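Asks: Just one file: data35.txt, with compact mmCIF, C-alpha atoms.
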# COMPACT_ATOMS: atom_id res chain seq x y z
CA MET E 1 -3.46 5.69 -2.81
CA SER E 2 0.19 5.43 -3.72
CA GLU E 3 3.35 3.79 -2.47
CA PRO E 4 6.61 5.69 -3.10
CA LYS E 5 9.41 4.40 -5.26
CA ASP E 6 11.54 3.48 -2.30
CA GLU E 7 10.07 0.68 -0.20
CA ASN E 8 8.58 2.96 2.46
CA SER E 9 4.87 3.59 2.70
CA ALA E 10 3.21 6.73 1.35
CA ARG E 11 -0.08 7.30 -0.39
CA GLY E 12 -1.33 10.17 -2.50
CA TYR E 13 0.10 13.60 -3.02
CA ASP E 14 -1.82 16.72 -1.97
CA TYR E 15 -1.92 18.89 1.10
CA GLU E 16 -3.21 22.39 1.64
CA ASN E 17 -1.49 25.46 3.08
CA GLU E 18 -2.89 28.39 5.04
CA ASN E 19 -3.48 30.50 1.93
CA ASN E 20 -5.99 27.99 0.57
CA ASN E 21 -3.54 26.92 -2.13
CA THR E 22 -2.69 23.28 -2.55
CA LYS E 23 0.63 21.85 -3.55
CA SER E 24 1.16 18.32 -4.73
CA GLY E 25 3.92 16.02 -3.64
CA ASN E 26 5.89 16.91 -6.74
CA GLY E 27 5.47 20.67 -6.20
CA VAL E 28 2.62 21.21 -8.63
CA ASP E 29 -0.08 23.62 -7.44
CA THR E 30 -3.63 22.28 -7.61
CA LYS E 31 -7.02 23.49 -6.40
CA ASP E 32 -8.80 20.22 -5.69
CA GLU E 33 -7.89 17.31 -3.48
CA ASP E 34 -6.81 14.44 -5.67
CA TYR E 35 -6.55 11.50 -3.23
CA GLY E 36 -3.42 10.30 -5.01
CA TYR E 37 -4.81 9.65 -8.47
CA TYR E 38 -2.30 12.10 -9.91
CA PHE E 39 0.34 9.37 -9.71
CA TYR E 40 -1.67 7.11 -12.03
CA PRO E 41 -2.12 8.78 -15.45
CA GLU E 42 -4.47 6.06 -16.65
CA ARG E 43 -6.83 6.80 -13.73
CA GLY E 44 -6.42 10.49 -13.09
CA GLY E 45 -8.02 12.32 -15.99
CA THR E 46 -6.04 11.29 -19.06
CA LYS E 47 -7.56 8.83 -21.49
CA PRO E 48 -6.76 5.21 -20.57
CA LYS E 49 -4.78 3.16 -23.05
CA THR E 50 -6.80 0.78 -25.19
CA PHE E 51 -5.85 -2.85 -25.68
CA TYR E 52 -4.27 -2.00 -29.04
CA ASP E 53 -2.35 0.93 -27.53
CA ARG E 54 -0.81 -1.49 -25.08
CA LEU E 55 -0.22 -4.16 -27.73
CA TRP E 56 1.82 -1.86 -29.97
CA SER E 57 3.51 0.23 -27.29
CA THR E 58 7.11 -0.19 -26.19
CA ASP E 59 5.81 -1.00 -22.70
CA THR E 60 4.53 -4.44 -23.68
CA SER E 61 7.56 -6.21 -22.23
CA ARG E 62 7.00 -4.41 -18.92
CA ASP E 63 3.36 -5.56 -18.96
CA TRP E 64 4.45 -9.16 -19.33
CA LYS E 65 7.20 -8.91 -16.73
CA CYS E 66 4.88 -7.25 -14.24
CA GLU E 67 2.19 -9.89 -14.71
CA SER E 68 4.82 -12.63 -14.39
CA ASN E 69 6.06 -11.12 -11.13
CA VAL E 70 2.50 -10.84 -9.80
CA LEU E 71 1.83 -14.52 -10.59
CA TRP E 72 5.04 -15.53 -8.82
CA CYS E 73 4.16 -13.51 -5.74
CA ILE E 74 0.65 -14.90 -5.37
CA ARG E 75 1.96 -18.43 -5.73
CA ARG E 76 5.15 -18.19 -3.67
CA ASN E 77 5.14 -15.23 -1.29
CA PRO E 78 3.68 -16.30 2.08
CA MET E 79 2.46 -12.83 3.11
CA VAL E 80 0.67 -12.29 -0.19
CA LYS E 81 -0.87 -15.75 -0.01
CA LEU E 82 -2.04 -15.19 3.57
CA LEU E 83 -3.72 -11.88 2.74
CA MET E 84 -5.46 -13.38 -0.28
CA ARG E 85 -6.75 -16.28 1.82
CA ALA E 86 -7.92 -13.89 4.53
CA MET E 87 -9.85 -11.77 2.04
CA LYS E 88 -11.44 -14.89 0.59
CA SER E 89 -12.58 -15.92 4.07
CA HIS E 90 -14.27 -12.52 4.43
CA GLY E 91 -16.09 -12.87 1.11
CA CYS E 92 -13.65 -10.84 -1.00
CA GLU E 93 -11.91 -13.42 -3.16
CA ILE E 94 -9.27 -11.96 -5.48
CA ASN E 95 -9.77 -12.21 -9.22
CA LEU E 96 -6.41 -11.46 -10.80
CA ARG E 97 -7.82 -9.88 -13.96
CA ARG E 98 -10.35 -7.84 -12.02
CA HIS E 99 -8.48 -6.77 -8.87
CA ILE E 100 -4.84 -6.33 -9.93
CA SER E 101 -3.67 -3.97 -12.67
CA CYS E 102 -0.15 -3.44 -14.03
CA GLU E 103 0.18 0.17 -15.19
CA ASP E 104 2.72 2.89 -15.85
CA CYS E 105 2.87 5.42 -13.03
CA LEU E 106 4.85 8.51 -12.19
CA GLU E 107 8.40 7.85 -11.08
CA ARG E 108 7.77 8.43 -7.38
CA VAL E 109 5.50 5.47 -6.71
CA ASN E 110 5.58 1.68 -6.86
CA GLY E 111 1.89 0.98 -6.53
CA GLY E 112 -1.38 1.82 -4.83
CA PHE E 113 -4.89 0.75 -3.91
CA ASP E 114 -7.82 2.27 -5.78
CA PRO E 115 -10.90 1.93 -3.53
CA VAL E 116 -13.21 3.28 -6.24
CA LYS E 117 -12.42 0.36 -8.54
CA ASN E 118 -11.33 -1.96 -5.73
CA GLN E 119 -8.05 -2.62 -7.51
CA VAL E 120 -4.41 -2.86 -6.57
CA VAL E 121 -2.15 -1.01 -9.00
CA ILE E 122 1.37 -2.31 -9.62
CA CYS E 123 3.56 0.33 -11.24
CA GLN E 124 5.22 -1.79 -13.88
CA ASN E 125 7.73 0.92 -14.81
CA ASN E 126 8.98 1.13 -11.22
CA THR E 127 8.73 -2.45 -9.92
CA GLY E 128 10.98 -4.48 -12.17
CA LYS E 129 12.33 -6.51 -9.25
CA ARG E 130 10.19 -9.39 -8.09
CA SER E 131 10.88 -8.60 -4.42
CA ILE E 132 9.52 -5.07 -4.84
CA CYS E 133 6.42 -6.38 -6.59
CA CYS E 134 5.73 -8.77 -3.70
CA ASN E 135 6.24 -5.99 -1.13
CA VAL E 136 3.84 -3.73 -3.01
CA LEU E 137 1.21 -6.47 -3.27
CA ALA E 138 1.46 -7.25 0.46
CA HIS E 139 1.22 -3.57 1.41
CA GLU E 140 -1.72 -2.82 -0.86
CA PHE E 141 -3.49 -6.07 0.01
CA THR E 142 -3.42 -4.88 3.62
CA HIS E 143 -5.44 -1.84 2.55
CA MET E 144 -7.72 -4.03 0.43
CA PHE E 145 -8.23 -6.38 3.40
CA ASP E 146 -9.20 -3.42 5.58
CA TYR E 147 -11.56 -2.19 2.88
CA CYS E 148 -13.16 -5.65 2.75
CA ARG E 149 -13.29 -6.38 6.46
CA ALA E 150 -13.86 -2.95 8.02
CA LYS E 151 -15.39 -1.01 5.10
CA VAL E 152 -12.66 1.62 5.36
CA ASP E 153 -13.61 5.02 3.96
CA PHE E 154 -10.38 6.36 2.45
CA LYS E 155 -11.79 9.89 2.45
CA ASN E 156 -12.17 9.71 6.23
CA ILE E 157 -8.81 10.78 7.63
CA GLU E 158 -9.12 8.61 10.74
CA HIS E 159 -9.92 5.55 8.64
CA LEU E 160 -6.98 6.37 6.39
CA ALA E 161 -4.69 6.80 9.41
CA CYS E 162 -5.73 3.42 10.77
CA THR E 163 -5.10 1.44 7.60
CA GLU E 164 -1.75 3.21 7.08
CA ILE E 165 -0.75 2.39 10.66
CA ARG E 166 -1.59 -1.25 10.04
CA ALA E 167 0.29 -1.43 6.74
CA ALA E 168 3.39 0.16 8.26
CA ASN E 169 3.15 -2.07 11.32
CA LEU E 170 2.71 -5.33 9.43
CA MET E 171 4.75 -4.73 6.29
CA HIS E 172 7.39 -2.05 6.79
CA CYS E 173 8.61 -1.27 10.29
CA SER E 174 10.59 -4.40 10.99
CA PHE E 175 13.62 -3.98 13.24
CA ALA E 176 15.95 -3.98 10.23
CA ALA E 177 13.95 -1.31 8.42
CA ALA E 178 13.54 0.86 11.50
CA PHE E 179 17.22 0.55 12.40
CA ALA E 180 18.31 1.43 8.86
CA SER E 181 16.14 4.55 8.87
CA GLY E 182 17.43 5.62 12.28
CA ASP E 183 14.10 5.03 14.02
CA ALA E 184 15.29 2.24 16.31
CA SER E 185 18.31 0.78 18.05
CA PRO E 186 18.95 -2.53 19.85
CA PHE E 187 18.20 -0.75 23.14
CA ASN E 188 14.88 0.94 22.46
CA TYR E 189 13.26 -1.20 19.80
CA LYS E 190 9.78 -1.54 21.28
CA GLN E 191 9.27 2.19 21.74
CA GLN E 192 10.95 3.21 18.53
CA HIS E 193 9.09 0.64 16.46
CA ALA E 194 5.89 2.51 17.34
CA THR E 195 7.65 5.74 16.38
CA CYS E 196 8.56 4.25 13.00
CA VAL E 197 4.95 3.21 12.40
CA LYS E 198 3.64 6.66 13.34
CA ALA E 199 6.17 8.35 11.05
CA LYS E 200 5.26 6.14 8.08
CA ALA E 201 1.54 6.61 8.63
CA LEU E 202 1.86 10.38 9.00
CA HIS E 203 3.94 10.65 5.84
CA SER E 204 1.32 8.64 3.99
CA ILE E 205 -1.51 10.89 5.13
CA LEU E 206 0.34 14.07 4.20
CA MET E 207 0.98 12.67 0.76
CA VAL E 208 -2.64 11.84 0.00
CA ARG E 209 -4.68 14.46 1.83
CA ASN E 210 -4.88 18.27 1.91
CA VAL E 211 -4.18 18.48 5.64
CA THR E 212 -1.53 20.13 7.78
CA PRO E 213 1.08 18.02 9.61
CA GLU E 214 -0.66 18.89 12.87
CA GLU E 215 -3.96 17.53 11.57
CA GLY E 216 -2.23 14.40 10.33
CA ILE E 217 -0.52 13.83 13.69
CA GLU E 218 -3.83 14.32 15.48
CA ALA E 219 -5.52 11.67 13.32
CA VAL E 220 -2.68 9.18 13.80
CA ASN E 221 -2.56 9.67 17.57
CA LYS E 222 -6.34 9.40 17.91
CA VAL E 223 -6.53 5.91 16.40
CA PHE E 224 -3.01 4.65 17.04
CA ASP E 225 -3.45 2.38 20.07
CA LYS E 226 -6.37 0.47 18.60
CA CYS E 227 -4.93 0.13 15.09
CA TYR E 228 -1.39 -0.67 16.26
CA LYS E 229 -2.73 -3.61 18.26
CA ASP E 230 -4.75 -4.94 15.32
CA LEU E 231 -2.46 -7.50 13.69
CA GLU E 232 -5.07 -9.26 11.55
CA PRO E 233 -4.72 -11.31 9.46
CA VAL E 234 -0.99 -11.83 10.09
CA GLY E 235 -1.19 -12.20 13.85
CA ARG E 236 2.37 -10.98 14.46
CA ARG E 237 4.92 -8.34 13.56
CA SER E 238 7.17 -10.24 11.19
CA ARG E 239 10.92 -9.90 11.40
CA ARG E 240 12.65 -9.32 8.12
CA ASN E 241 14.50 -12.31 6.62
CA SER E 242 12.90 -14.66 9.14
CA ARG E 243 10.45 -17.55 8.98
CA ASP E 244 7.71 -15.41 10.53
CA PRO E 245 5.69 -15.00 7.29
CA ASP E 246 5.75 -18.76 6.69
CA CYS E 247 4.65 -19.41 10.28
CA ALA E 248 1.86 -16.84 9.94
CA LEU E 249 0.66 -18.57 6.76
CA VAL E 250 0.48 -21.93 8.53
CA GLU E 251 -1.20 -20.44 11.61
CA GLY E 252 -3.76 -18.75 9.39
CA THR E 253 -5.26 -22.15 8.53
CA PHE E 254 -6.45 -22.43 12.14
CA TYR E 255 -8.50 -19.27 11.63
CA GLY E 256 -10.09 -20.36 8.38
CA TYR E 257 -7.56 -18.69 6.06
CA ILE E 258 -7.24 -21.52 3.56
Represent the supplied structure as structure tokens.
Replies:
Amino acid sequence: MSEPKDENSARGYDYENENNNTKSGNGVDTKDEDYGYYFYPERGGTKPKTFYDRLWSTDTSRDWKCESNVLWCIRRNPMVKLLMRAMKSHGCEINLRRHISCEDCLERVNGGFDPVKNQVVICQNNTGKRSICCNVLAHEFTHMFDYCRAKVDFKNIEHLACTEIRAANLMHCSFAAAFASGDASPFNYKQQHATCVKAKALHSILMVRNVTPEEGIEAVNKVFDKCYKDLEPVGRRSRRNSRDPDCALVEGTFYGYI
């Protein structure tokens, strides 16, 4: 359920080897599948901070900055606004206090979606920049939208593969991002864009589930065509630094996303 500290997509941390031992994404051996909660100390077994813990902690300024960034994103970022409108149209209106939580996380992640609590987590210690906060919200809102619309079961590896394919397709694998990572060139963009999406989705699965790379690849390939073509609610693959997100927001009104 996690997004790594760089702006690429990855969720969770465990996978299992042939000797029935598991090793987390940070190299820590563990016996049970964790589904990514390890990255979120306040959700993964340690006692959550109380209101007064937060009030008197040195992290209070980060709390305020994170919440300020979230408010800016939901008011000004077209992709975030579109996803919120789309969820509202499907009966899943966002309540900021209920569905978004600013928390401290491990250093490797920027945020995540917790399907148990139906909350997006923004890692306030890793997302100081407003642009990163907006990217995290858009990515995780894609998962939340899928959870609302399609009742995604995040423990089902094929469901997980599908929502990761969609998040990578809609939010990460633009031409600029794919070119920078070496996954595309001006001459083979269409083919290599799909390769970029598959790579991001596979990496995400391996981070969150105790599966082998072969099992992850099988899950991605099995659902890829259908999920790659599903561009809802954006309706397009947005180019970075373009007007595409603004156009998608306007077009969304014709589909009841208001």
Asks: Pick the closest to E:Arg236 from E:Cys73, E:Ala201, E:Ala161, E:Leu170: which is it, counting all atoms listed in the file?
Replies: E:Leu170
Asks: Using all atoms listed in the file for the distances, tell me which of E:Leu249, E:Cys92, E:Leu83, E:Leu106 is nearest to E:Cys134.
Replies: E:Leu83
Asks: Let me make sure I understand: among E:Asn135, E:Asn95, E:Thr163, E:Ser204, which one has the smallest atom-to-atom distance to E:Asp230 if we use all atoms listed in the file?
Replies: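 Nearest candidate to E:Asp230 out of E:Asn135, E:Asn95, E:Thr163, E:Ser204: E:Thr163.
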Asks: Which residue gives the smallest distance to E:Val109 among E:Pro213, E:Gly36, E:Gly91, E:Gly252, with all atoms listed in the file counted?
Replies: E:Gly36
Asks: Extract, using all atoms listed in the file, all DNA, RNA and protein residues at most 12 Å from E:Val152, discarding same-chain residues fewer than 4 positions from it, and format them as a list in words.
Replies: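 Skipping anything fewer than 4 positions along the chain leaves Pro115, Val116, Asn118, Thr142, His143, Met144, Phe145, Asp146, Tyr147, Cys148, Asn156, Ile157, Glu158, His159, Leu160, Ala161, Cys162, Thr163 and Glu164 of chain E.
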Asks: Neighbours of E:Gly235 within 7 Å (all atoms listed in the file; same-chain residues fewer than 3 positions away dropped), as an MDAnalysis selection string?
Replies: chainID E and resid 231:232 248
Asks: Just how far from atom CA of E:Cys247 is atom CA of E:Val120, in Å to one decimal?
Replies: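 Calculated distance between atom CA of E:Val120 and atom CA of E:Cys247 is 25.3 Å.
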Asks: Please return as a ChimeraX atom specification every residue within 7 Å of (2.5, 4.3, 8.6), taking into account only C-alpha atoms and the file's own coordinates.
Replies: /E:9,164-165,167-169,197-202,204
Asks: Pick from E:Lys129, E:Arg43, E:Arg240, E:Lys151: nearest to E:Ser101, with all atoms listed in the file counted?
Replies: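 Ranked by minimum distance to E:Ser101, first place goes to E:Arg43.
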Asks: Between atom CA of E:Leu96 and atom CA of E:Asn69, what is the spacing in Å?
Replies: 12.5 Å
Asks: Around all listed atoms of stretch 140-146 of chain E, padded 3 Å per side, what centre and edge lengths does the axis-aligned box have in Å to one decimal, as JSON?
Replies:
{"center_x": -5.5, "center_y": -4.1, "center_z": 2.4, "size_x": 13.5, "size_y": 10.5, "size_z": 12.4}
Asks: For a test of reading the model, state the distance in Å between atom CA of E:Pro78 and atom CA of E:Val250, rounded to one decimal.
Replies: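 The value is 9.1 Å.
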Asks: I'd like to know which of E:Val70, E:Ile258, E:Ala150, E:Met171 is closest to E:Val234, using only C-alpha atoms.
Replies: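 Smallest distance to E:Val234 is found for E:Met171.
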